[in-house]
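For reference, the structure discussed in these notes is given below.
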Amino acid sequence: MNRPLYILRLVLVVLLPLLMALAPAKAQTVVYQGKIFPLSVLQKPGNTYDWEIYSDVAVDFAKVSGNCPTTSATFLGGNTGANVDVQWLKTGIYFFKVTAHDANNCASNFKIGMIKVVPVSIEGVIDGATFTGACQHVLLDASKSV
């Protein structure tokens, strides 16, 4: 077999799928502080799913359990299933991991994602006419027909 062709085939078959699998981990979702945000994966029959959240990212996600305190982010209704809801309580950068287990309880796959929690900024601007009180009162002249 031609050695350069073999190396190219090895790169395409082995390394390219690994690089593509890491691409979603670089994607970032922005969520407002205090909001509930759903996380989900496509349900595969027979699989169970366990979710974890990380606030300290200097860990090996494959070996270390989630390390996010519940005062920063919390699962509402539990951290298992294809769909979970998370309430993000403090601003910052977080990572989540979901591990899929098959019917034999073997971990068959996991997905990692990034969440950026930003503060809620409420600004309101009323442009136009200024009214006194909550309502504008219009006086009608009873002598004129409408």
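The way I read the labels, and the way they are meant: chains A, B, ... in the order of the structure tokens, residue 1 as the first residue of every chain, and ligand 1 as the first ligand shown, with later ones counted on from there.
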Got a sec: who's within 7 Å of Phe110 (chain A), counting only C-alpha atoms, leaving out chain neighbours fewer than 4 positions off, as a short mmCIF file (atom, residue, chain, number, x, y, z; two decimals) with all heavy atoms, in the first residue's frame?
```
data_model
loop_
_atom_site.label_atom_id
_atom_site.label_comp_id
_atom_site.auth_asym_id
_atom_site.auth_seq_id
_atom_site.Cartn_x
_atom_site.Cartn_y
_atom_site.Cartn_z
N LYS A 97 -21.81 18.42 30.92
CA LYS A 97 -21.48 17.14 30.30
C LYS A 97 -22.68 16.23 30.47
O LYS A 97 -23.29 16.19 31.53
CB LYS A 97 -20.26 16.51 30.97
CG LYS A 97 -19.92 15.11 30.43
CD LYS A 97 -18.72 14.51 31.12
CE LYS A 97 -19.11 13.89 32.43
NZ LYS A 97 -18.04 13.12 33.08
N VAL A 98 -23.03 15.53 29.41
CA VAL A 98 -24.06 14.50 29.49
C VAL A 98 -23.42 13.19 29.06
O VAL A 98 -22.72 13.13 28.07
CB VAL A 98 -25.31 14.83 28.65
CG1 VAL A 98 -24.97 15.02 27.20
CG2 VAL A 98 -26.38 13.77 28.82
N THR A 99 -23.64 12.16 29.87
CA THR A 99 -23.10 10.83 29.57
C THR A 99 -24.27 9.90 29.28
O THR A 99 -25.22 9.84 30.06
CB THR A 99 -22.29 10.28 30.75
OG1 THR A 99 -21.26 11.22 31.08
CG2 THR A 99 -21.65 8.94 30.39
N ALA A 100 -24.20 9.21 28.16
CA ALA A 100 -25.24 8.24 27.78
C ALA A 100 -24.78 6.85 28.19
O ALA A 100 -23.63 6.47 27.97
CB ALA A 100 -25.47 8.29 26.28
#
```
Next on the checklist: Calculated over only C-alpha atoms, which of the candidates A:Ser55, A:Thr48, A:Asn67, A:Gln33 has the smallest distance to Lys90 (chain A)?
Outcome noted: A:Gln33
At most 7 Å is the cut-off: for each residue in region 83-104 of chain A with any atom that close to an atom of region 112-116 of chain A, write down the nearest atom pair and the distance in Å rounded to one decimal, counting only C-alpha atoms, chain first then increasing number, as JSON lines.
```
{"residue": "A:Gly92", "atom": "CA", "partner": "A:Lys116", "partner_atom": "CA", "distance": 5.9}
{"residue": "A:Ile93", "atom": "CA", "partner": "A:Lys116", "partner_atom": "CA", "distance": 4.6}
{"residue": "A:Tyr94", "atom": "CA", "partner": "A:Ile115", "partner_atom": "CA", "distance": 5.1}
{"residue": "A:Phe95", "atom": "CA", "partner": "A:Met114", "partner_atom": "CA", "distance": 4.4}
{"residue": "A:Phe96", "atom": "CA", "partner": "A:Gly113", "partner_atom": "CA", "distance": 5.3}
{"residue": "A:Lys97", "atom": "CA", "partner": "A:Ile112", "partner_atom": "CA", "distance": 4.5}
{"residue": "A:Val98", "atom": "CA", "partner": "A:Ile112", "partner_atom": "CA", "distance": 6.7}
```
Item to check | Interatomic distance (Å, one decimal) between CA of Cys106 (chain A) and CA of Thr80 (chain A) | outcome: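 Computed distance, CA of Cys106 (chain A) to CA of Thr80 (chain A), equals 15.5 Å.
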